[in-house]
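Chemist: Provided herewith: my_file_9.cif, mmCIF, C-alpha atoms.
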data_data
#
loop_
_atom_site.label_atom_id
_atom_site.label_comp_id
_atom_site.auth_asym_id
_atom_site.auth_seq_id
_atom_site.Cartn_x
_atom_site.Cartn_y
_atom_site.Cartn_z
CA MET U 1 -32.42 -99.00 79.64
CA PRO U 2 -35.63 -98.00 77.84
CA ALA U 3 -35.69 -98.41 74.06
CA ARG U 4 -36.11 -94.66 73.54
CA PRO U 5 -34.03 -93.06 76.29
CA PHE U 6 -34.78 -89.46 75.37
CA ASN U 7 -38.51 -90.05 75.26
CA HIS U 8 -38.30 -91.81 78.61
CA LEU U 9 -36.24 -89.04 80.25
CA TRP U 10 -38.56 -86.41 78.84
CA ARG U 11 -41.57 -88.11 80.36
CA VAL U 12 -39.86 -88.41 83.77
CA PHE U 13 -39.12 -84.68 83.58
CA ALA U 14 -42.61 -83.80 82.28
CA THR U 15 -44.27 -85.95 84.93
CA GLY U 16 -42.22 -84.26 87.65
CA LEU U 17 -43.04 -80.84 86.19
CA SER U 18 -46.76 -81.70 86.06
CA PHE U 19 -46.87 -82.84 89.66
CA THR U 20 -44.84 -79.85 90.84
CA THR U 21 -47.29 -77.56 89.05
CA PHE U 22 -50.18 -79.42 90.60
CA GLY U 23 -48.60 -79.06 94.05
CA ILE U 24 -47.76 -75.38 93.73
CA GLY U 25 -51.15 -74.64 92.17
CA GLY U 26 -52.84 -76.53 94.99
CA VAL U 27 -50.95 -74.60 97.67
CA LEU U 28 -51.71 -71.23 96.03
CA LEU U 29 -55.39 -72.08 95.63
CA GLY U 30 -55.52 -73.53 99.13
CA LEU U 31 -53.82 -70.63 100.87
CA ILE U 32 -55.10 -67.72 98.76
CA ALA U 33 -58.03 -68.41 96.42
CA PHE U 34 -60.22 -70.55 98.68
CA PRO U 35 -59.70 -68.53 101.88
CA LEU U 36 -60.62 -65.39 99.88
CA LEU U 37 -63.72 -67.13 98.61
CA ASN U 38 -64.67 -68.10 102.17
CA LEU U 39 -64.22 -64.49 103.18
CA LEU U 40 -66.06 -62.85 100.29
CA VAL U 41 -68.96 -65.17 99.44
CA TRP U 42 -71.07 -65.78 102.50
CA GLN U 43 -74.00 -67.53 100.90
CA ARG U 44 -73.05 -71.17 101.34
CA GLN U 45 -74.60 -72.69 98.20
CA ARG U 46 -73.18 -69.99 95.99
CA ARG U 47 -69.74 -70.35 97.60
CA ASN U 48 -69.84 -74.14 97.12
CA ARG U 49 -70.75 -73.76 93.43
CA ILE U 50 -67.97 -71.26 92.77
CA ALA U 51 -65.40 -73.32 94.67
CA ARG U 52 -66.38 -76.55 92.89
CA SER U 53 -66.15 -74.81 89.55
CA LEU U 54 -62.67 -73.55 90.49
CA VAL U 55 -61.57 -77.08 91.37
CA ARG U 56 -63.08 -78.34 88.13
CA HIS U 57 -61.26 -75.87 85.92
CA SER U 58 -57.97 -76.38 87.79
CA PHE U 59 -58.25 -80.12 87.19
CA GLY U 60 -59.05 -79.48 83.52
CA ALA U 61 -55.99 -77.24 83.16
CA PHE U 62 -53.81 -79.88 84.83
CA ILE U 63 -55.00 -82.58 82.43
CA GLN U 64 -54.40 -80.34 79.41
CA LEU U 65 -50.89 -79.60 80.73
CA MET U 66 -50.11 -83.30 80.96
CA ARG U 67 -51.55 -83.92 77.52
CA VAL U 68 -49.54 -81.11 75.92
CA LEU U 69 -46.35 -82.28 77.68
CA GLY U 70 -46.89 -85.77 76.28
CA VAL U 71 -47.33 -87.48 79.65
CA LEU U 72 -50.76 -88.85 78.79
CA SER U 73 -53.45 -89.08 76.14
CA TYR U 74 -57.13 -89.76 76.74
CA GLU U 75 -60.45 -90.63 75.16
CA LEU U 76 -63.89 -89.86 76.56
CA HIS U 77 -67.15 -91.74 75.98
CA GLY U 78 -70.65 -90.92 77.21
CA VAL U 79 -69.54 -87.92 79.26
CA ASP U 80 -72.77 -86.06 78.34
CA ARG U 81 -74.37 -88.32 80.92
CA LEU U 82 -72.54 -86.37 83.61
CA GLN U 83 -74.25 -83.13 82.58
CA ARG U 84 -77.10 -83.67 85.03
CA GLU U 85 -77.79 -83.03 88.71
CA GLY U 86 -78.01 -85.26 91.77
CA LEU U 87 -75.98 -88.12 90.23
CA LEU U 88 -74.36 -90.87 92.24
CA VAL U 89 -71.27 -91.57 90.11
CA LEU U 90 -69.38 -94.81 90.80
CA ALA U 91 -66.05 -95.59 89.20
CA ASN U 92 -63.23 -98.07 89.43
CA HIS U 93 -59.96 -96.49 90.51
CA PRO U 94 -56.92 -97.77 88.56
CA THR U 95 -54.72 -94.66 88.93
CA LEU U 96 -54.29 -91.51 91.00
CA ILE U 97 -55.27 -89.46 87.95
CA ASP U 98 -58.83 -90.74 87.55
CA VAL U 99 -60.12 -88.57 90.39
CA VAL U 100 -58.73 -85.57 88.47
CA PHE U 101 -60.53 -86.69 85.29
CA LEU U 102 -63.86 -87.24 87.03
CA GLY U 103 -63.50 -83.95 88.87
CA TRP U 104 -62.96 -82.22 85.54
CA LEU U 105 -65.81 -83.94 83.68
CA THR U 106 -68.47 -83.67 86.40
CA PRO U 107 -70.16 -80.33 87.09
CA ASN U 108 -70.95 -79.50 90.73
CA ALA U 109 -69.00 -82.55 91.87
CA ASP U 110 -69.12 -83.49 95.52
CA CYS U 111 -66.91 -86.09 97.14
CA VAL U 112 -66.08 -87.58 100.50
CA VAL U 113 -62.77 -86.44 101.97
CA LYS U 114 -60.83 -87.69 104.97
CA SER U 115 -61.47 -85.71 108.13
CA ALA U 116 -57.66 -85.55 108.59
CA LEU U 117 -57.62 -82.99 105.74
CA LEU U 118 -59.24 -80.49 108.10
CA ARG U 119 -55.98 -80.45 110.07
CA ASN U 120 -53.95 -79.66 106.95
CA PRO U 121 -53.59 -75.86 106.60
CA VAL U 122 -53.59 -76.01 102.80
CA MET U 123 -56.76 -78.10 102.71
CA ILE U 124 -58.98 -76.31 105.26
CA GLY U 125 -59.83 -73.53 102.76
CA PRO U 126 -60.81 -75.73 99.81
CA VAL U 127 -62.66 -78.34 101.90
CA SER U 128 -64.80 -75.72 103.61
CA ALA U 129 -65.33 -73.63 100.44
CA THR U 130 -66.41 -76.60 98.31
CA GLY U 131 -68.57 -78.05 101.07
CA TYR U 132 -67.18 -81.54 100.36
CA ILE U 133 -68.52 -84.22 102.65
CA VAL U 134 -66.12 -84.90 105.51
CA ASN U 135 -65.81 -88.52 106.54
CA ALA U 136 -65.87 -87.96 110.28
CA SER U 137 -69.12 -89.48 111.44
CA GLY U 138 -69.29 -93.09 110.21
CA PRO U 139 -72.98 -93.87 109.64
CA GLY U 140 -73.87 -90.15 109.63
CA LEU U 141 -71.91 -90.14 106.39
CA ILE U 142 -74.75 -91.94 104.55
CA ALA U 143 -77.20 -89.19 105.56
CA ASP U 144 -74.71 -86.51 104.45
CA CYS U 145 -74.35 -88.21 101.07
CA VAL U 146 -78.13 -88.44 100.60
CA SER U 147 -78.61 -84.75 101.41
CA SER U 148 -75.81 -83.78 99.01
CA LEU U 149 -77.61 -85.65 96.20
CA ARG U 150 -80.96 -84.06 97.10
CA GLY U 151 -79.26 -80.66 96.94
CA GLY U 152 -78.29 -81.37 93.31
CA GLY U 153 -74.66 -82.31 93.95
CA ASN U 154 -73.04 -84.98 91.79
CA LEU U 155 -71.44 -87.34 94.25
CA LEU U 156 -68.29 -89.18 93.12
CA ILE U 157 -67.52 -92.42 94.92
CA PHE U 158 -64.86 -95.06 94.30
CA PRO U 159 -66.79 -97.98 95.79
CA GLU U 160 -63.65 -100.06 96.31
CA GLY U 161 -62.68 -97.47 98.94
CA THR U 162 -59.11 -97.32 97.61
CA ARG U 163 -57.26 -97.75 94.33
CA SER U 164 -58.05 -100.88 92.31
CA PRO U 165 -55.53 -103.73 92.47
CA PRO U 166 -53.29 -103.94 89.35
CA GLY U 167 -55.36 -105.00 86.36
CA GLY U 168 -58.38 -105.88 88.50
CA PHE U 169 -61.24 -104.73 90.64
CA GLY U 170 -61.04 -104.77 94.44
CA ALA U 171 -63.52 -105.93 97.05
CA LEU U 172 -66.48 -103.55 97.20
CA GLN U 173 -67.45 -101.68 100.32
CA ARG U 174 -71.22 -101.37 100.79
CA GLY U 175 -71.28 -97.61 101.47
CA ALA U 176 -72.09 -96.58 97.90
CA ALA U 177 -74.93 -99.12 97.61
CA ASN U 178 -76.27 -97.95 100.97
CA VAL U 179 -76.42 -94.38 99.70
CA ALA U 180 -78.20 -95.56 96.53
CA VAL U 181 -80.88 -97.60 98.30
CA ARG U 182 -81.51 -95.06 101.06
CA ALA U 183 -81.71 -91.98 98.82
CA PRO U 184 -82.99 -93.79 96.64
CA VAL U 185 -81.13 -92.83 93.48
CA ASP U 186 -79.97 -94.61 90.33
CA LEU U 187 -76.25 -95.19 89.77
CA THR U 188 -74.09 -93.73 87.03
CA PRO U 189 -71.21 -96.17 86.48
CA VAL U 190 -67.91 -95.08 84.96
CA ILE U 191 -65.42 -97.59 83.59
CA ILE U 192 -61.84 -96.30 83.64
CA THR U 193 -58.85 -97.99 82.06
CA CYS U 194 -55.24 -96.85 81.97
CA ASN U 195 -52.82 -98.39 79.49
CA PRO U 196 -50.02 -99.03 80.28
CA PRO U 197 -50.84 -98.99 84.00
CA THR U 198 -49.26 -96.22 86.07
CA LEU U 199 -49.73 -94.33 89.34
CA GLY U 200 -51.32 -97.31 91.00
CA LYS U 201 -51.18 -98.03 94.68
CA GLY U 202 -47.63 -98.00 96.01
CA GLY U 203 -46.20 -96.92 92.64
CA ARG U 204 -43.57 -94.15 92.46
CA TRP U 205 -44.27 -91.15 90.26
CA TYR U 206 -40.86 -91.30 88.51
CA ARG U 207 -41.38 -94.91 87.45
CA VAL U 208 -43.07 -93.68 84.29
CA PRO U 209 -44.52 -96.35 82.00
CA SER U 210 -42.73 -97.57 78.88
CA ARG U 211 -44.76 -95.17 76.74
CA ARG U 212 -47.17 -92.29 77.14
CA PHE U 213 -50.15 -93.63 79.10
CA HIS U 214 -53.65 -93.56 77.72
CA ILE U 215 -56.71 -93.03 79.90
CA ARG U 216 -60.10 -94.15 78.67
CA ILE U 217 -63.17 -92.83 80.48
CA ASP U 218 -66.49 -94.48 79.62
CA VAL U 219 -69.61 -93.16 81.35
CA ARG U 220 -72.17 -95.97 81.06
CA PRO U 221 -75.98 -95.71 81.09
CA ASP U 222 -77.53 -95.47 84.57
CA LEU U 223 -78.21 -98.61 86.60
CA ALA U 224 -81.70 -98.49 88.10
CA VAL U 225 -81.90 -98.97 91.84
CA ALA U 226 -85.66 -99.79 91.87
CA PRO U 227 -85.26 -103.54 91.13
CA PHE U 228 -83.27 -103.85 94.38
CA LEU U 229 -86.04 -102.22 96.40
CA ASP U 230 -89.70 -103.22 96.50
CA GLY U 231 -90.83 -101.10 93.59
CA ASP U 232 -89.65 -97.55 94.19
CA SER U 233 -89.31 -97.69 97.95
CA LEU U 234 -87.98 -99.94 100.63
CA ASP U 235 -91.33 -101.37 101.85
CA GLY U 236 -90.58 -104.86 103.03
CA THR U 237 -86.97 -105.13 101.89
CA SER U 238 -84.55 -103.93 104.54
CA PRO U 239 -81.97 -101.38 103.37
CA GLY U 240 -79.18 -103.65 104.60
CA MET U 241 -80.44 -106.47 102.38
CA ALA U 242 -81.01 -104.22 99.37
CA ALA U 243 -77.49 -102.78 99.76
CA ARG U 244 -76.01 -106.29 99.85
CA ARG U 245 -77.85 -107.35 96.69
CA LEU U 246 -76.96 -104.13 94.89
CA THR U 247 -73.30 -104.46 95.92
CA GLU U 248 -73.19 -108.00 94.53
CA HIS U 249 -74.74 -106.77 91.29
CA LEU U 250 -72.19 -103.94 91.07
CA ARG U 251 -69.32 -106.36 91.54
CA GLU U 252 -70.54 -108.49 88.61
CA TYR U 253 -71.26 -105.40 86.53
CA PHE U 254 -67.84 -103.81 87.00
CA GLU U 255 -65.96 -107.07 86.48
CA MET U 256 -67.85 -107.73 83.25
CA GLU U 257 -67.49 -104.18 81.93
CA LEU U 258 -63.80 -104.04 82.82
CA ALA U 259 -63.14 -107.34 81.05
CA ARG U 260 -64.92 -105.95 77.99
CA ALA U 261 -63.03 -102.64 78.11
CA ARG U 262 -59.68 -104.44 78.27
CA ALA U 263 -60.50 -106.90 75.51
CA MET Q 264 -91.41 -103.45 129.29
CA SER Q 265 -90.72 -107.06 129.98
CA ALA Q 266 -87.36 -107.72 131.49
CA SER Q 267 -88.35 -111.33 131.26
CA TYR Q 268 -86.29 -112.19 128.18
CA SER Q 269 -83.86 -114.98 128.90
CA LYS Q 270 -80.49 -115.00 127.18
CA ASP Q 271 -81.73 -117.80 124.93
CA GLU Q 272 -84.74 -115.75 123.86
CA LEU Q 273 -82.54 -112.74 123.18
CA TYR Q 274 -80.22 -114.90 121.11
CA ALA Q 275 -83.16 -116.20 119.07
CA ARG Q 276 -84.41 -112.63 118.44
CA ILE Q 277 -80.97 -111.45 117.34
CA SER Q 278 -80.55 -114.47 115.10
CA ASP Q 279 -83.92 -113.66 113.46
CA ILE Q 280 -82.92 -110.04 112.93
CA LEU Q 281 -79.59 -111.03 111.37
CA GLN Q 282 -81.34 -113.38 108.95
CA ASN Q 283 -84.22 -111.08 108.04
CA THR Q 284 -82.40 -107.77 107.90
CA PHE Q 285 -79.05 -108.76 106.44
CA ASP Q 286 -79.74 -111.99 104.49
CA ILE Q 287 -77.32 -113.93 106.70
CA ASP Q 288 -77.64 -117.75 106.56
CA ALA Q 289 -78.86 -119.35 109.79
CA GLU Q 290 -75.96 -121.81 109.85
CA GLN Q 291 -73.42 -118.98 109.87
CA ILE Q 292 -74.90 -117.56 113.05
CA THR Q 293 -73.33 -118.94 116.23
CA PRO Q 294 -72.74 -117.30 119.62
CA GLN Q 295 -69.02 -117.01 118.84
CA ALA Q 296 -69.48 -115.62 115.30
CA GLN Q 297 -67.69 -112.27 114.91
CA LEU Q 298 -70.14 -109.64 113.68
CA GLY Q 299 -67.56 -107.95 111.45
CA ASP Q 300 -65.27 -110.73 110.23
CA ASP Q 301 -67.68 -113.66 110.09
CA LEU Q 302 -71.06 -112.06 109.42
CA ASP Q 303 -69.88 -109.04 107.40
CA ILE Q 304 -71.79 -106.50 109.52
CA ASP Q 305 -70.34 -103.04 108.79
CA SER Q 306 -70.82 -99.81 110.72
CA ILE Q 307 -73.92 -98.91 108.68
CA ASP Q 308 -75.48 -102.31 109.42
CA ALA Q 309 -74.63 -101.87 113.12
CA VAL Q 310 -76.85 -98.79 113.25
CA ASP Q 311 -79.70 -100.72 111.57
CA LEU Q 312 -79.18 -103.57 114.01
CA ILE Q 313 -79.44 -101.25 117.01
CA VAL Q 314 -82.64 -99.72 115.56
CA GLN Q 315 -84.10 -103.25 115.29
CA LEU Q 316 -83.10 -104.06 118.86
CA LYS Q 317 -84.83 -100.98 120.27
CA PRO Q 318 -88.34 -102.50 120.49
CA ILE Q 319 -86.94 -105.23 122.75
CA ILE Q 320 -85.78 -102.92 125.50
CA GLY Q 321 -87.57 -99.70 124.68
CA GLY Q 322 -86.10 -96.44 125.90
CA ASN Q 323 -83.35 -98.05 127.93
CA LEU Q 324 -81.14 -98.85 124.96
CA LYS Q 325 -77.67 -97.40 125.32
CA PRO Q 326 -75.99 -97.36 121.90
CA GLU Q 327 -72.58 -96.72 123.49
CA ALA Q 328 -72.78 -100.13 125.17
CA PHE Q 329 -72.44 -101.70 121.70
CA LYS Q 330 -69.07 -100.08 121.00
CA THR Q 331 -67.20 -102.99 122.55
CA VAL Q 332 -69.26 -105.89 121.18
CA ARG Q 333 -67.48 -108.27 118.83
CA THR Q 334 -69.56 -111.46 118.74
CA VAL Q 335 -73.23 -112.38 118.67
CA GLN Q 336 -72.92 -113.50 122.31
CA ASP Q 337 -71.53 -110.04 123.21
CA VAL Q 338 -74.74 -108.49 121.83
CA VAL Q 339 -76.84 -110.92 123.87
CA ASP Q 340 -74.87 -110.09 127.02
CA ALA Q 341 -75.04 -106.32 126.43
CA LEU Q 342 -78.83 -106.48 125.92
CA HIS Q 343 -79.32 -108.72 128.92
CA GLU Q 344 -77.37 -106.31 131.10
CA MET Q 345 -79.46 -103.35 129.90
CA LEU Q 346 -82.66 -105.25 130.70
CA GLN Q 347 -81.39 -106.15 134.15
CA ALA Q 348 -80.41 -102.57 134.84
CA SER Q 349 -83.85 -101.27 133.85
CA ALA Q 350 -85.81 -104.00 135.66
#
Any chance you could put this one into C-alpha cells?
Modeler:
Amino acid sequence: MPARPFNHLWRVFATGLSFTTFGIGGVLLGLIAFPLLNLLVWQRQRRNRIARSLVRHSFGAFIQLMRVLGVLSYELHGVDRLQREGLLVLANHPTLIDVVFLGWLTPNADCVVKSALLRNPVMIGPVSATGYIVNASGPGLIADCVSSLRGGGNLLIFPEGTRSPPGGFGALQRGAANVAVRAPVDLTPVIITCNPPTLGKGGRWYRVPSRRFHIRIDVRPDLAVAPFLDGDSLDGTSPGMAARRLTEHLREYFEMELARARA
Amino acid sequence: MSASYSKDELYARISDILQNTFDIDAEQITPQAQLGDDLDIDSIDAVDLIVQLKPIIGGNLKPEAFKTVRTVQDVVDALHEMLQASA
C-alpha cells in the first residue's frame, strides 16, 4: 500500500482521465478537424503548417491538463534553441510523454510515422494533413528526411528507434546520423529525464509512480556535423563512414550528458 | 564491359569496398560473414554498397537480385551470375 493512499488513487484516476481525454481528443481531431482541413486547405504547405500547429497546441493543452491534475511537473531549459527552422532534433526517449513535450515545444515539427498508421481510420487525416514522413520506403526515407529539413521543417528523431531502456540509453540506429551527414545539417540534441521513471517500454499506465513525476527537458547547443565530413561536404569521406563516426560520437555524447543530468 | 572477373577478383573488390566505404576491419571480412549481423551493414549502407558495385558490371546490375543476399559470398555469387548473364 502506498504511503499516501489518497494521493496515489488520485493520480491513478487523473492519469486515466488524462489518457482518456487524449484518446477522445485524438479521435475527434482525427475524424473531424483534420479531414476538414484536408478538404478546405488545398495548398499543401499551408495545410501542413496549420495541421502541425493544431497538433502542437493540442499537445500543449494535454501537458497543461496533466500538470493541473497533478500527474506531472516539468522544467524546461534551452527551449529557445527550438525556435528556428530546418533543425534535426535528436532526443533520448525515456517515456511515452516525451514525444508530446517535443511536439509542443518545437514549431513546425515533422516526424517519421509508421506506414501502418495509414491503415488506421483515425490517423489517415492527421498524417496526410501534417505531411509527416511515412516510413514506408526504407532508404528513400533518408531522402524524405533531407527534403523535409530543406523545406524548413524541424525533424524530431529518437535515434534509439524505440524507448530508452530503464535508466539508460539504448543502442543507436544510424538513420539519424545518415540524415545529418547527407543533408548535411547540424544536430540539436535534447536530454530528457523523468523522475521517478514512468511510462517506459512495457509499463502499464495505471502503475503510477510513487509520487508525481517530473520531466526535465534540456535542449543543448547544436553539435556541428562538419568535423565528421571533409570540411563542409563529403569529398573523400564516404557517407557510410561519416555516419558511423557521428553515431559513435552521439553515443558518447548522450551517455555523458545523461550521466550528468542524473547526477 | 569485362565479364572476365573471377569470383576471387570480385571478392577482393567487395572486400575493398567494405573497408573503404564502411570502415570495416579487413580481418572481420570473410566469405561467410553475415552483412547485417557480423558487419553491421544496414539498409542505407546496402544502397551505398550497390552504388559502389555498379561500375563493376555497368548497366546490367539488378538491385532486386540483392534482396536475398545474406553473406559476403552471396554478394560475390549474385554479381558473378549477373556478369555471366550479360556476357
Chemist: Contacts from chain U to chain Q, 10 Å maximum, only C-alpha atoms: show me the residue list as a list in words.
Modeler: Gly138, Pro139, Gly140, Leu141, Ile142, Gln173, Arg174, Gly175, Asn178, Gly236, Thr237, Ser238, Pro239, Gly240, Met241, Ala242, Ala243, Arg244 and Arg245 of chain U
Chemist: What do you get, as a PyMOL selection string, if you spell out every residue that the PyMOL selection byres ((chain U and resi 193) around 6) selects here?
Modeler: chain U and resi 192+194+215-216
Chemist: Apply the PyMOL selection byres ((chain U and resi 148-162) around 6) to the file shown and report the selected residues as a VMD selection string.
Modeler: chain U and resid 85 to 92 108 to 111 145 to 147 163 170 to 173 176
Chemist: I'd like the contact shell of Ile320 in chain Q - 12 Å cut-off, only C-alpha atoms, skipping same-chain residues fewer than 2 positions apart - returned as a PyMOL selection string.
Modeler: chain Q and resi 264-268+273+313-318+322-326+341-350
Chemist: What does the PyMOL selection byres ((chain U and resi 61-70) around 7) select in this file, as a ChimeraX atom specification?
Modeler: /U:14,18,22,57-60,71-73,212
Chemist: Using only C-alpha atoms, which of the listed residues (U:Ala129, U:Phe101, U:His249, U:Leu39) sits closest to Glu75 in chain U?
Modeler: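 Among U:Ala129, U:Phe101, U:His249, U:Leu39, it is U:Phe101 that comes nearest to Glu75 in chain U.
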Chemist: List every protein, DNA or RNA residue that has an atom no more than 12 Å from (-76.2, -118.6, 106.9) in the file's coordinate frame, counting only C-alpha atoms, and report them as a count of residues only.
Modeler: 18
Chemist: From the set Q:Lys270, Q:Ala328, Q:Asp340, Q:Thr334, which residue has the shortest atom-to-atom contact distance to Gln295 in chain Q, counting only C-alpha atoms?
Modeler: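 For Gln295 in chain Q, the nearest of the candidates is Q:Thr334.
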Chemist: In Å to one decimal, how far is CA of Ile277 in chain Q from CA of Ile319 in chain Q?
Modeler: 10.2 Å
Chemist: Missing atoms in range 78-96 of chain U should be modelled up to N, CA, C and O atoms and reported as a PDB file, in the frame of the given file.
Modeler:
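And here is the file that came out, part.pdb:
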ATOM      1  N   GLY U  78     -69.422 -91.045  76.403  1.00  0.00           N
ATOM      2  CA  GLY U  78     -70.650 -90.920  77.210  1.00  0.00           C
ATOM      3  C   GLY U  78     -70.602 -89.840  78.276  1.00  0.00           C
ATOM      4  O   GLY U  78     -71.426 -89.857  79.198  1.00  0.00           O
ATOM      5  N   VAL U  79     -69.662 -88.892  78.167  1.00  0.00           N
ATOM      6  CA  VAL U  79     -69.540 -87.920  79.260  1.00  0.00           C
ATOM      7  C   VAL U  79     -70.706 -86.932  79.338  1.00  0.00           C
ATOM      8  O   VAL U  79     -70.881 -86.271  80.359  1.00  0.00           O
ATOM      9  N   ASP U  80     -71.531 -86.872  78.260  1.00  0.00           N
ATOM     10  CA  ASP U  80     -72.770 -86.060  78.340  1.00  0.00           C
ATOM     11  C   ASP U  80     -73.633 -86.502  79.508  1.00  0.00           C
ATOM     12  O   ASP U  80     -74.388 -85.724  80.074  1.00  0.00           O
ATOM     13  N   ARG U  81     -73.539 -87.790  79.831  1.00  0.00           N
ATOM     14  CA  ARG U  81     -74.370 -88.320  80.920  1.00  0.00           C
ATOM     15  C   ARG U  81     -74.051 -87.681  82.260  1.00  0.00           C
ATOM     16  O   ARG U  81     -74.825 -87.788  83.196  1.00  0.00           O
ATOM     17  N   LEU U  82     -72.894 -87.034  82.343  1.00  0.00           N
ATOM     18  CA  LEU U  82     -72.540 -86.370  83.610  1.00  0.00           C
ATOM     19  C   LEU U  82     -73.107 -84.955  83.702  1.00  0.00           C
ATOM     20  O   LEU U  82     -73.011 -84.319  84.742  1.00  0.00           O
ATOM     21  N   GLN U  83     -73.687 -84.487  82.585  1.00  0.00           N
ATOM     22  CA  GLN U  83     -74.250 -83.130  82.580  1.00  0.00           C
ATOM     23  C   GLN U  83     -75.664 -83.138  83.164  1.00  0.00           C
ATOM     24  O   GLN U  83     -76.617 -82.718  82.512  1.00  0.00           O
ATOM     25  N   ARG U  84     -75.805 -83.645  84.361  1.00  0.00           N
ATOM     26  CA  ARG U  84     -77.100 -83.670  85.030  1.00  0.00           C
ATOM     27  C   ARG U  84     -76.858 -83.321  86.497  1.00  0.00           C
ATOM     28  O   ARG U  84     -75.738 -83.044  86.888  1.00  0.00           O
ATOM     29  N   GLU U  85     -77.939 -83.363  87.292  1.00  0.00           N
ATOM     30  CA  GLU U  85     -77.790 -83.030  88.710  1.00  0.00           C
ATOM     31  C   GLU U  85     -78.191 -84.195  89.591  1.00  0.00           C
ATOM     32  O   GLU U  85     -79.001 -85.040  89.193  1.00  0.00           O
ATOM     33  N   GLY U  86     -77.616 -84.247  90.783  1.00  0.00           N
ATOM     34  CA  GLY U  86     -78.010 -85.260  91.770  1.00  0.00           C
ATOM     35  C   GLY U  86     -77.588 -86.667  91.382  1.00  0.00           C
ATOM     36  O   GLY U  86     -78.254 -87.632  91.728  1.00  0.00           O
ATOM     37  N   LEU U  87     -76.448 -86.804  90.668  1.00  0.00           N
ATOM     38  CA  LEU U  87     -75.980 -88.120  90.230  1.00  0.00           C
ATOM     39  C   LEU U  87     -75.128 -88.779  91.309  1.00  0.00           C
ATOM     40  O   LEU U  87     -74.335 -88.110  91.980  1.00  0.00           O
ATOM     41  N   LEU U  88     -75.283 -90.086  91.435  1.00  0.00           N
ATOM     42  CA  LEU U  88     -74.360 -90.870  92.240  1.00  0.00           C
ATOM     43  C   LEU U  88     -73.435 -91.587  91.250  1.00  0.00           C
ATOM     44  O   LEU U  88     -73.843 -92.519  90.572  1.00  0.00           O
ATOM     45  N   VAL U  89     -72.206 -91.090  91.130  1.00  0.00           N
ATOM     46  CA  VAL U  89     -71.270 -91.570  90.110  1.00  0.00           C
ATOM     47  C   VAL U  89     -70.296 -92.555  90.765  1.00  0.00           C
ATOM     48  O   VAL U  89     -69.607 -92.208  91.726  1.00  0.00           O
ATOM     49  N   LEU U  90     -70.279 -93.779  90.253  1.00  0.00           N
ATOM     50  CA  LEU U  90     -69.380 -94.810  90.800  1.00  0.00           C
ATOM     51  C   LEU U  90     -68.363 -95.198  89.750  1.00  0.00           C
ATOM     52  O   LEU U  90     -68.707 -95.462  88.608  1.00  0.00           O
ATOM     53  N   ALA U  91     -67.092 -95.246  90.154  1.00  0.00           N
ATOM     54  CA  ALA U  91     -66.050 -95.590  89.200  1.00  0.00           C
ATOM     55  C   ALA U  91     -65.050 -96.538  89.822  1.00  0.00           C
ATOM     56  O   ALA U  91     -64.845 -96.526  91.038  1.00  0.00           O
ATOM     57  N   ASN U  92     -64.404 -97.339  88.962  1.00  0.00           N
ATOM     58  CA  ASN U  92     -63.230 -98.070  89.430  1.00  0.00           C
ATOM     59  C   ASN U  92     -62.068 -97.067  89.514  1.00  0.00           C
ATOM     60  O   ASN U  92     -62.195 -95.925  89.087  1.00  0.00           O
ATOM     61  N   HIS U  93     -60.975 -97.476  90.113  1.00  0.00           N
ATOM     62  CA  HIS U  93     -59.960 -96.490  90.510  1.00  0.00           C
ATOM     63  C   HIS U  93     -58.549 -97.012  90.200  1.00  0.00           C
ATOM     64  O   HIS U  93     -57.751 -97.238  91.118  1.00  0.00           O
ATOM     65  N   PRO U  94     -58.223 -97.174  88.880  1.00  0.00           N
ATOM     66  CA  PRO U  94     -56.920 -97.770  88.560  1.00  0.00           C
ATOM     67  C   PRO U  94     -55.724 -96.857  88.843  1.00  0.00           C
ATOM     68  O   PRO U  94     -54.632 -97.360  89.117  1.00  0.00           O
ATOM     69  N   THR U  95     -55.885 -95.542  88.753  1.00  0.00           N
ATOM     70  CA  THR U  95     -54.720 -94.660  88.930  1.00  0.00           C
ATOM     71  C   THR U  95     -55.113 -93.458  89.795  1.00  0.00           C
ATOM     72  O   THR U  95     -56.279 -93.158  89.992  1.00  0.00           O
ATOM     73  N   LEU U  96     -54.073 -92.744  90.246  1.00  0.00           N
ATOM     74  CA  LEU U  96     -54.290 -91.510  91.000  1.00  0.00           C
ATOM     75  C   LEU U  96     -55.014 -90.459  90.155  1.00  0.00           C
ATOM     76  O   LEU U  96     -55.705 -89.603  90.678  1.00  0.00           O
TER      77      LEU U  96
END
